[in-house]
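Below is the file target.cif, which contains mmCIF, C-alpha atoms.
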data_input
#
loop_
_atom_site.label_atom_id
_atom_site.label_comp_id
_atom_site.auth_asym_id
_atom_site.auth_seq_id
_atom_site.Cartn_x
_atom_site.Cartn_y
_atom_site.Cartn_z
CA MET A 16 8.52 14.90 15.58
CA VAL A 17 6.81 13.00 12.86
CA GLN A 18 4.83 10.64 14.92
CA VAL A 19 5.53 7.09 13.97
CA LYS A 20 3.26 5.48 16.47
CA LYS A 21 3.31 1.86 17.31
CA LEU A 22 -0.30 0.96 17.85
CA LYS A 23 -1.58 -1.60 20.30
CA ASP A 24 -1.57 -4.31 17.69
CA GLY A 25 1.99 -3.57 16.63
CA SER A 26 1.09 -1.78 13.41
CA ARG A 27 2.65 1.48 12.44
CA GLN A 28 0.91 4.79 12.07
CA ILE A 29 2.58 7.87 10.64
CA ILE A 30 1.16 11.29 11.38
CA LEU A 31 2.48 14.46 9.86
CA ALA A 32 1.76 17.89 11.39
CA PRO A 33 0.96 20.86 9.10
CA GLN A 34 4.12 22.74 10.05
CA GLN A 35 6.31 19.75 9.33
CA PHE A 36 4.58 19.32 6.03
CA ASP A 37 5.39 22.95 5.12
CA GLU A 38 9.03 22.51 6.07
CA ILE A 39 9.31 19.29 4.10
CA THR A 40 7.76 20.97 1.09
CA LYS A 41 10.28 23.81 1.40
CA ILE A 42 13.23 21.42 1.50
CA LEU A 43 11.97 19.55 -1.54
CA SER A 44 11.36 22.78 -3.47
CA GLU A 45 14.94 23.84 -2.78
CA LEU A 46 16.22 20.48 -3.89
CA ALA A 47 14.15 20.70 -7.08
CA ALA A 48 15.52 24.16 -7.84
CA LYS A 49 19.16 23.19 -7.22
CA THR A 50 19.14 19.90 -9.12
CA LYS A 51 16.70 21.00 -11.83
CA ALA A 52 14.95 17.71 -11.03
CA SER A 53 11.76 17.29 -13.02
CA THR A 54 9.98 15.44 -10.21
CA ILE A 55 10.72 14.80 -6.55
CA LEU A 56 8.70 12.54 -4.27
CA LEU A 57 8.89 11.80 -0.59
CA ALA A 58 7.16 8.57 0.38
CA ASP A 59 7.05 6.17 3.29
CA ILE A 60 8.50 2.68 2.94
CA SER A 61 5.09 1.07 2.61
CA GLY A 62 4.59 3.06 -0.61
CA GLN A 63 2.35 5.89 0.61
CA LEU A 64 3.17 9.16 -1.07
CA ILE A 65 3.79 11.98 1.39
CA THR A 66 4.53 14.92 -0.82
CA GLN A 67 5.74 15.81 -4.27
CA ARG A 68 7.50 18.67 -6.00
CA GLY A 69 8.25 19.66 -9.59
CA ASN A 70 6.27 18.68 -12.62
CA THR A 71 3.87 16.02 -11.43
CA ASP A 72 1.00 16.61 -13.83
CA ASP A 73 1.89 13.99 -16.38
CA ILE A 74 3.20 11.42 -13.91
CA ASN A 75 0.96 9.33 -11.70
CA THR A 76 2.91 9.88 -8.52
CA ALA A 77 0.82 7.51 -6.38
CA ILE A 78 1.92 4.71 -8.68
CA LEU A 79 5.48 5.98 -8.88
CA SER A 80 5.83 5.92 -5.10
CA ALA A 81 4.28 2.44 -4.85
CA LEU A 82 6.72 1.15 -7.45
CA ALA A 83 9.68 2.94 -5.91
CA ALA A 84 8.88 1.53 -2.44
CA SER A 85 8.80 -1.98 -3.87
CA ASP A 86 11.99 -1.31 -5.79
CA PHE A 87 13.60 -0.27 -2.55
CA ALA A 88 12.24 -3.19 -0.59
CA ALA A 89 13.25 -5.66 -3.30
CA THR A 90 16.77 -4.30 -3.20
CA SER A 91 16.91 -4.67 0.58
CA GLU A 92 16.01 -8.33 0.16
CA MET A 93 18.71 -8.60 -2.49
CA ALA A 94 21.18 -7.08 -0.03
CA LYS A 95 20.33 -9.81 2.47
CA LEU A 96 20.73 -12.53 -0.14
CA VAL A 97 24.19 -11.41 -1.17
CA GLY A 98 25.32 -11.10 2.44
CA GLU A 99 25.19 -7.33 2.81
CA ASP A 100 24.14 -6.72 6.41
CA ALA A 101 23.03 -3.12 6.02
CA LYS A 102 20.38 -2.14 3.50
CA PHE A 103 21.51 -0.61 0.24
CA LYS A 104 21.08 3.08 0.87
CA LEU A 105 20.50 4.31 -2.63
CA LEU A 106 19.40 3.15 -6.04
CA PHE A 107 20.13 4.73 -9.34
CA HIS A 108 18.32 4.01 -12.60
CA GLU A 109 19.91 5.35 -15.73
CA GLY A 110 17.81 6.08 -18.79
CA GLU A 111 18.34 7.75 -22.16
CA LYS A 112 16.42 10.90 -21.28
CA ARG A 113 15.79 10.65 -17.58
CA ASN A 114 17.55 9.22 -14.58
CA VAL A 115 15.94 8.23 -11.31
CA TYR A 116 17.75 8.49 -7.99
CA LEU A 117 16.28 6.86 -4.89
CA SER A 118 17.64 7.28 -1.42
CA ASN A 119 16.37 6.37 2.02
CA VAL A 120 15.57 9.09 4.56
CA GLY A 121 15.95 7.44 7.95
CA ASP A 122 14.27 4.09 8.44
CA ASN A 123 10.74 4.97 7.44
CA PHE A 124 10.96 7.20 4.38
CA PHE A 125 12.65 7.56 1.03
CA LEU A 126 13.16 10.16 -1.64
CA VAL A 127 12.71 9.78 -5.41
CA VAL A 128 14.47 12.30 -7.62
CA VAL A 129 13.72 12.23 -11.36
CA PHE A 130 16.15 14.32 -13.38
CA ASP A 131 17.34 14.97 -16.90
CA VAL A 132 20.44 13.09 -18.11
CA SER A 133 22.13 16.45 -18.76
CA VAL A 134 22.39 17.00 -15.00
CA THR A 135 25.40 15.28 -13.47
CA LEU A 136 24.79 12.56 -10.94
CA GLY A 137 27.35 14.06 -8.57
CA LEU A 138 25.36 17.26 -8.26
CA VAL A 139 22.17 15.34 -7.53
CA ARG A 140 23.98 13.24 -4.95
CA ILE A 141 25.37 16.22 -3.06
CA TYR A 142 22.14 18.19 -2.88
CA THR A 143 20.05 15.12 -2.15
CA LYS A 144 22.35 14.25 0.73
CA LYS A 145 21.94 17.73 2.16
CA ALA A 146 18.17 17.60 1.70
CA ILE A 147 18.04 14.26 3.51
CA GLU A 148 19.94 15.67 6.48
CA ASN A 149 17.44 18.53 6.67
CA LEU A 150 14.47 16.20 6.30
CA ILE A 151 15.70 14.04 9.15
CA LYS A 152 15.97 17.17 11.32
CA VAL A 153 12.35 18.01 10.52
CA PHE A 154 11.28 14.47 11.30
CA GLU A 155 12.98 14.71 14.64
CA SER A 156 11.65 18.18 15.50
CA SER A 157 9.31 18.34 18.46
CA GLU A 158 6.28 19.52 16.54
CA THR A 159 3.33 17.27 17.30
CA ALA A 160 0.24 16.75 15.25
CA ASP A 161 -3.31 17.07 16.48
CA ASP A 162 -4.86 14.24 18.34
CA SER A 163 -5.47 11.58 15.76
CA SER A 164 -8.29 10.06 17.76
CA LYS A 165 -10.48 12.89 16.54
CA ILE A 166 -9.94 12.03 12.93
CA ILE A 167 -12.01 8.86 12.78
CA ASP A 168 -15.18 8.63 14.83
CA ASP A 169 -18.48 6.74 14.49
CA ASP A 170 -19.87 9.43 12.22
CA PHE A 171 -16.90 9.10 9.94
CA SER A 172 -17.35 5.34 9.64
CA SER A 173 -21.02 5.51 8.77
CA MET A 174 -20.53 8.37 6.29
CA LEU A 175 -17.74 6.44 4.65
CA GLY A 176 -20.07 3.44 4.39
CA ASP A 177 -22.69 5.56 2.64
CA MET A 178 -20.12 6.97 0.24
CA LEU A 179 -18.85 3.51 -0.61
CA ASP A 180 -22.41 2.34 -1.31
CA GLU A 181 -22.84 5.33 -3.59
CA SER A 182 -19.54 4.73 -5.41
CA PHE A 183 -20.02 0.97 -5.79
CA LYS A 184 -23.44 1.12 -7.42
CA MET B 125 -1.57 4.12 7.73
CA PHE B 126 -0.41 7.60 6.96
CA ILE B 127 -2.22 10.75 8.08
CA ASN B 128 -1.26 14.08 6.59
CA TRP B 129 -2.80 16.87 8.65
CA ALA B 130 -1.82 19.61 6.24
CA LEU B 131 -3.78 18.00 3.42
CA GLN B 132 -6.26 16.22 5.72
CA GLU B 133 -5.52 12.94 4.02
CA ILE B 134 -5.79 9.47 5.48
CA ASN B 135 -3.98 6.79 3.49
CA LEU B 136 -4.78 3.15 4.09
CA LYS B 137 -3.20 0.10 2.51
CA ILE B 138 -5.25 -2.97 1.65
CA VAL B 139 -3.63 -6.10 0.24
CA TYR B 140 -5.34 -8.89 -1.71
CA TYR B 141 -3.59 -12.11 -0.70
CA GLY B 142 -4.15 -15.66 -1.89
CA PRO B 143 -2.76 -18.61 -3.84
CA GLY B 144 -1.79 -18.35 -7.48
CA MET B 145 -4.66 -17.97 -9.97
CA SER B 146 -7.28 -17.46 -7.25
CA GLY B 147 -8.46 -14.18 -8.81
CA LYS B 148 -6.74 -11.38 -6.90
CA THR B 149 -5.92 -9.37 -10.00
CA THR B 150 -9.41 -10.08 -11.36
CA ASN B 151 -10.88 -8.43 -8.27
CA LEU B 152 -8.87 -5.26 -8.90
CA GLU B 153 -9.62 -5.31 -12.61
CA TYR B 154 -13.34 -5.49 -11.92
CA ILE B 155 -13.21 -2.66 -9.37
CA HIS B 156 -11.20 -0.56 -11.78
CA SER B 157 -13.59 -1.18 -14.66
CA LYS B 158 -16.72 -0.36 -12.66
CA LEU B 159 -15.71 2.61 -10.56
CA ASP B 160 -16.16 6.13 -11.85
CA PRO B 161 -12.79 7.16 -13.36
CA SER B 162 -12.78 10.26 -11.13
CA LEU B 163 -12.54 8.01 -8.06
CA THR B 164 -9.75 5.74 -9.15
CA GLY B 165 -6.30 6.10 -10.65
CA GLU B 166 -4.71 3.86 -13.19
CA LEU B 167 -4.43 0.13 -12.47
CA VAL B 168 -0.80 -0.91 -12.64
CA THR B 169 -0.09 -4.57 -13.14
CA LEU B 170 3.38 -6.05 -13.16
CA LYS B 171 2.81 -9.25 -15.08
CA THR B 172 4.83 -11.92 -16.80
CA LYS B 173 4.21 -12.78 -20.45
CA GLU B 174 1.84 -15.49 -19.24
CA ASP B 175 -0.33 -12.92 -17.44
CA ARG B 176 0.81 -13.96 -14.00
CA THR B 177 1.46 -11.23 -11.48
CA ILE B 178 5.21 -11.06 -10.96
CA PHE B 179 5.43 -8.40 -8.28
CA PHE B 180 2.10 -6.71 -7.58
CA ASP B 181 -0.90 -4.85 -8.95
CA PHE B 182 -1.75 -1.47 -7.58
CA MET B 183 -4.56 1.04 -7.73
CA GLN B 184 -5.74 3.90 -5.58
CA ILE B 185 -9.37 4.71 -4.72
CA GLU B 186 -10.63 8.02 -3.42
CA VAL B 187 -14.24 8.51 -2.37
CA GLY B 188 -14.18 12.25 -1.79
CA ARG B 189 -14.12 14.20 1.44
CA ILE B 190 -15.77 13.04 4.64
CA LYS B 191 -16.00 15.67 7.37
CA GLY B 192 -13.19 17.50 5.61
CA LYS B 193 -10.97 14.42 5.59
CA LYS B 194 -9.88 12.72 2.43
CA PRO B 195 -9.55 8.95 2.80
CA LYS B 196 -7.47 7.22 0.15
CA PHE B 197 -7.33 3.48 -0.22
CA ASN B 198 -4.29 1.91 -1.81
CA LEU B 199 -5.14 -1.55 -3.10
CA TYR B 200 -2.39 -4.06 -3.80
CA THR B 201 -2.31 -7.68 -4.87
CA VAL B 202 0.55 -10.06 -4.21
CA PRO B 203 1.90 -12.67 -6.61
CA GLY B 204 0.36 -15.98 -5.61
CA GLN B 205 2.99 -18.45 -6.70
CA VAL B 206 4.92 -20.08 -3.90
CA TYR B 207 8.35 -18.93 -5.11
CA TYR B 208 7.48 -15.26 -4.87
CA ALA B 209 7.44 -15.44 -1.08
CA SER B 210 9.80 -12.51 -0.59
CA SER B 211 7.74 -10.28 -2.90
CA ARG B 212 4.69 -11.03 -0.79
CA LYS B 213 6.51 -10.05 2.36
CA ILE B 214 7.59 -6.76 0.82
CA ILE B 215 4.09 -5.82 -0.26
CA LEU B 216 2.66 -6.55 3.19
CA ASN B 217 4.89 -3.83 4.63
CA GLY B 218 2.65 -1.25 6.31
CA VAL B 219 -0.56 -3.11 5.47
CA ASP B 220 -3.79 -2.04 7.22
CA GLY B 221 -6.08 -4.84 6.06
CA VAL B 222 -6.05 -8.05 4.01
CA VAL B 223 -8.53 -9.70 1.66
CA PHE B 224 -7.72 -13.39 1.43
CA VAL B 225 -8.92 -14.57 -1.97
CA ALA B 226 -9.38 -18.34 -1.74
CA ASP B 227 -9.90 -20.57 -4.76
CA SER B 228 -13.07 -22.61 -4.11
CA GLN B 229 -12.04 -25.51 -6.32
CA LYS B 230 -11.61 -28.79 -4.43
CA ASP B 231 -8.10 -29.43 -5.72
CA ARG B 232 -6.95 -25.96 -4.60
CA MET B 233 -7.62 -26.50 -0.90
CA GLU B 234 -3.99 -27.31 -0.10
CA GLY B 235 -2.87 -24.21 -2.00
CA ASN B 236 -5.30 -22.09 0.02
CA ILE B 237 -4.07 -23.49 3.32
CA GLU B 238 -0.42 -23.14 2.37
CA THR B 239 -0.93 -19.49 1.42
CA LEU B 240 -2.91 -18.77 4.57
CA LEU B 241 -0.04 -20.14 6.65
CA ASP B 242 2.36 -18.02 4.61
CA LEU B 243 0.22 -14.97 5.38
CA GLU B 244 0.23 -15.75 9.06
CA LYS B 245 4.00 -16.22 9.08
CA ASN B 246 4.52 -12.87 7.34
CA LEU B 247 2.11 -11.10 9.69
CA GLN B 248 3.92 -12.56 12.67
CA GLU B 249 7.17 -11.11 11.40
CA MET B 250 5.41 -7.75 11.59
CA ASN B 251 4.22 -8.58 15.14
CA GLN B 252 0.67 -9.16 13.96
CA THR B 253 -1.52 -12.22 14.07
CA LEU B 254 -4.44 -13.41 11.98
CA GLU B 255 -6.45 -13.46 15.17
CA ASN B 256 -6.22 -9.72 15.78
CA PHE B 257 -5.61 -8.30 12.34
CA PRO B 258 -8.42 -6.92 10.12
CA TRP B 259 -8.97 -9.39 7.29
CA VAL B 260 -11.82 -10.99 5.35
CA ILE B 261 -12.07 -14.09 3.18
CA GLN B 262 -13.44 -14.18 -0.31
CA TYR B 263 -14.33 -17.65 -1.61
CA ASN B 264 -13.90 -17.09 -5.31
CA LYS B 265 -14.92 -19.17 -8.33
CA ARG B 266 -18.19 -20.32 -6.72
CA ASP B 267 -19.61 -20.96 -10.22
CA LEU B 268 -17.18 -23.74 -11.06
CA PRO B 269 -18.55 -27.31 -11.03
CA ASN B 270 -15.75 -28.65 -8.81
CA ALA B 271 -16.19 -25.95 -6.16
CA GLU B 272 -15.94 -27.20 -2.58
CA SER B 273 -18.95 -26.70 -0.32
CA LEU B 274 -19.06 -23.53 1.73
CA ASP B 275 -19.16 -25.64 4.90
CA VAL B 276 -15.87 -27.34 4.20
CA LEU B 277 -14.19 -24.10 3.11
CA GLN B 278 -15.35 -22.37 6.27
CA LYS B 279 -14.15 -25.20 8.48
CA ARG B 280 -10.72 -25.41 6.93
CA LEU B 281 -9.94 -21.75 6.21
CA ASN B 282 -12.01 -19.47 8.38
CA LEU B 283 -10.37 -20.40 11.66
CA PHE B 284 -10.94 -17.02 13.27
CA ASN B 285 -14.48 -16.49 12.08
CA VAL B 286 -13.76 -13.40 10.01
CA PRO B 287 -16.33 -11.97 7.55
CA TYR B 288 -16.50 -14.07 4.37
CA PHE B 289 -17.99 -13.64 0.92
CA GLU B 290 -18.84 -15.96 -1.92
CA ALA B 291 -17.68 -14.56 -5.22
CA VAL B 292 -17.37 -14.99 -8.94
CA ALA B 293 -14.85 -12.21 -9.40
CA ILE B 294 -14.72 -12.43 -13.15
CA LYS B 295 -18.41 -11.51 -13.27
CA GLY B 296 -18.09 -9.07 -10.38
CA VAL B 297 -20.20 -11.15 -8.00
CA GLY B 298 -19.15 -10.42 -4.42
CA VAL B 299 -16.30 -8.10 -5.41
CA PHE B 300 -17.65 -4.83 -4.03
CA ASP B 301 -19.16 -6.53 -0.96
CA THR B 302 -15.70 -7.83 -0.12
CA LEU B 303 -14.02 -4.47 -0.65
CA LYS B 304 -16.61 -2.62 1.39
CA ALA B 305 -16.27 -5.12 4.22
CA ILE B 306 -12.50 -4.82 4.43
CA ILE B 307 -12.62 -1.01 4.29
CA ASN B 308 -15.17 -0.96 7.11
CA LEU B 309 -13.13 -3.40 9.14
CA VAL B 310 -9.94 -1.40 8.66
CA VAL B 311 -11.63 1.86 9.64
CA GLN B 312 -13.16 0.24 12.74
CA HIS B 313 -9.81 -1.23 13.63
CA VAL B 314 -8.05 2.12 13.24
CA GLN B 315 -10.73 3.72 15.39
CA LYS B 316 -10.08 1.16 18.12
CA GLN B 317 -6.33 1.54 17.92
CA ILE B 318 -6.09 5.32 18.29
#

Go ahead and express the file in the form of structure tokens.
Amino acid sequence: MVQVKKLKDGSRQIILAPQQFDEITKILSELAAKTKASTILLADISGQLITQRGNTDDINTAILSALAASDFAATSEMAKLVGEDAKFKLLFHEGEKRNVYLSNVGDNFFLVVVFDVSVTLGLVRIYTKKAIENLIKVFESSETADDSSKIIDDDFSSMLGDMLDESFK
Amino acid sequence: MFINWALQEINLKIVYYGPGMSGKTTNLEYIHSKLDPSLTGELVTLKTKEDRTIFFDFMQIEVGRIKGKKPKFNLYTVPGQVYYASSRKIILNGVDGVVFVADSQKDRMEGNIETLLDLEKNLQEMNQTLENFPWVIQYNKRDLPNAESLDVLQKRLNLFNVPYFEAVAIKGVGVFDTLKAIINLVVQHVQKQI
């Protein structure tokens, strides 16, 4: 499954295996094709973009996912304030040309679907719901990623230090 | 932290925390203005008409590939004013490291302490503590005539002896030193955790 590890200090680490990434990408591509969505993002609730589909050239998707995560989180706080015990599960922003549909995928992720106003919301809802079910299956699949301890070693730290020095001149 | 093995990406989240007007946004603005545009995305700031951060500022830094891996640093600021407490909590979600930007001016000491306590409270809600979490302090506005002495600031704010930096963020003094220190600390911390 997508490893959401609790580290010793209580922080959360999310690790995605290549095969899961491929499956996720496939699900999002299907969703994009069926809803004619212009852009689809999958991100984690802290705002980190996981993957994107559709036309993402003229949108800064790192920023879009950061904003969407905050949007989501702000709405959860609103839910608490108005006495709604569960979190609001979806958000919908209606524009003149584009609409944005946000929905949570389990507890740790959410989906952003940007689509043209000519597409009916009902259609987007149905296909997004299906996509979310499939995504959750992928997240729960038994695929495990490589050992993350190999990813950052002493070498990595010192090389990163050098690169930062270079960049911050 | 988010690791994507398919793309070999490591995403880390760093939050600039501190009382209102201490210079958190100024830090990001300076970094954004000085870094090569190929390394950084756009700087997004959600401000009020009076130029106060209402929700957060955000920018992403990439330094290229290291041993095939692509580290990305997502920098956020929080709104400093007391009444935006819930926004601050939201932005801390999934944080890997914190830069506490303190205002060196004598009359801002209480504000610094109040915000530090607020940070600790929010970290505790995420089962973290200031004692074990990667964070650094930046004493900003060192050039102002009413700046408190470093000794006093250290005694009252640096309770866990974390790395600290004197800064004049508006002129860029200390800005990159602070950023480099927090990135190093976060990477070391991650290394220890996994």

Selection dump of the PyMOL selection byres ((chain A) within 6 of (chain B)), as an NGL selection string: :A and (25 or 28-33 or 61 or 164 or 167)

Residue IDs satisfying the PyMOL selection byres ((chain B and resi 140) around 10), as a list in words: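 Applied to this file, the PyMOL selection byres ((chain B and resi 140) around 10) returns Ile138, Val139, Tyr141, Gly142, Gly147, Lys148, Thr149, Asn151, Leu152, Phe180, Asp181, Leu199, Tyr200, Thr201, Val202, Pro203, Gly204, Leu216, Gly221, Val222, Val223, Phe224, Val225, Trp259, Val260, Ile261, Gln262 and Leu303 of chain B.
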
Picked residues, the PyMOL selection byres ((chain A and resi 64) around 10), expected as a PyMOL selection string: (chain A and resi 56-63+65-67+76-81+84+124-125) or (chain B and resi 126+135)

12 Å contact set for Glu111 in chain A, all atoms listed in the file, chain neighbours under 4 positions out, as a list in words: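 Result of the neighbour search: Val115, Phe130, Asp131, Val132 and Ser133 of chain A.
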
Same residues, C-alpha atoms, saved as a PDB file, in the frame of the given file:
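Generated output (out-v1.pdb):
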ATOM      1  CA  VAL A 115      15.940   8.230 -11.310  1.00  0.00           C
ATOM      2  CA  PHE A 130      16.150  14.320 -13.380  1.00  0.00           C
ATOM      3  CA  ASP A 131      17.340  14.970 -16.900  1.00  0.00           C
ATOM      4  CA  VAL A 132      20.440  13.090 -18.110  1.00  0.00           C
ATOM      5  CA  SER A 133      22.130  16.450 -18.760  1.00  0.00           C
TER       6      SER A 133
END

Distance in Å - CA of Ala89 in chain A versus CA of Lys102 in chain A: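 These two atoms are separated by 10.5 Å.
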
Pairwise distance for CA of Thr150 in chain B and CA of Phe289 in chain B, rounded to one decimal in Å: 15.4 Å

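The interatomic distance for the pair CA of Ser146 in chain B and CA of Glu249 in chain B works out to 24.4 Å.
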
Residue contacts of Glu255 in chain B (10 Å, only C-alpha atoms) excluding same-chain residues fewer than 4 positions away, as a PyMOL selection string: chain B and resi 244+259+283-286

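Take the candidates A:Leu179, A:Ala52, A:Val153, A:Ala101 and check each one against Val127 in chain A using only C-alpha atoms; the shortest distance goes to A:Ala52.
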
Selected residue of minimal separation from Thr164 in chain B among A:Leu43, A:Asn123, A:Val139, A:Asn75, counting all atoms listed in the file: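 The shortest atom-to-atom distance to Thr164 in chain B comes from A:Asn75.
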
Distance query Asp242 in chain B at most 10 Å, only C-alpha atoms, self and fewer than 5 positions along chain excluded, as a PyMOL selection string: chain B and resi 141-143+206+209+212-213+236-237+247-248
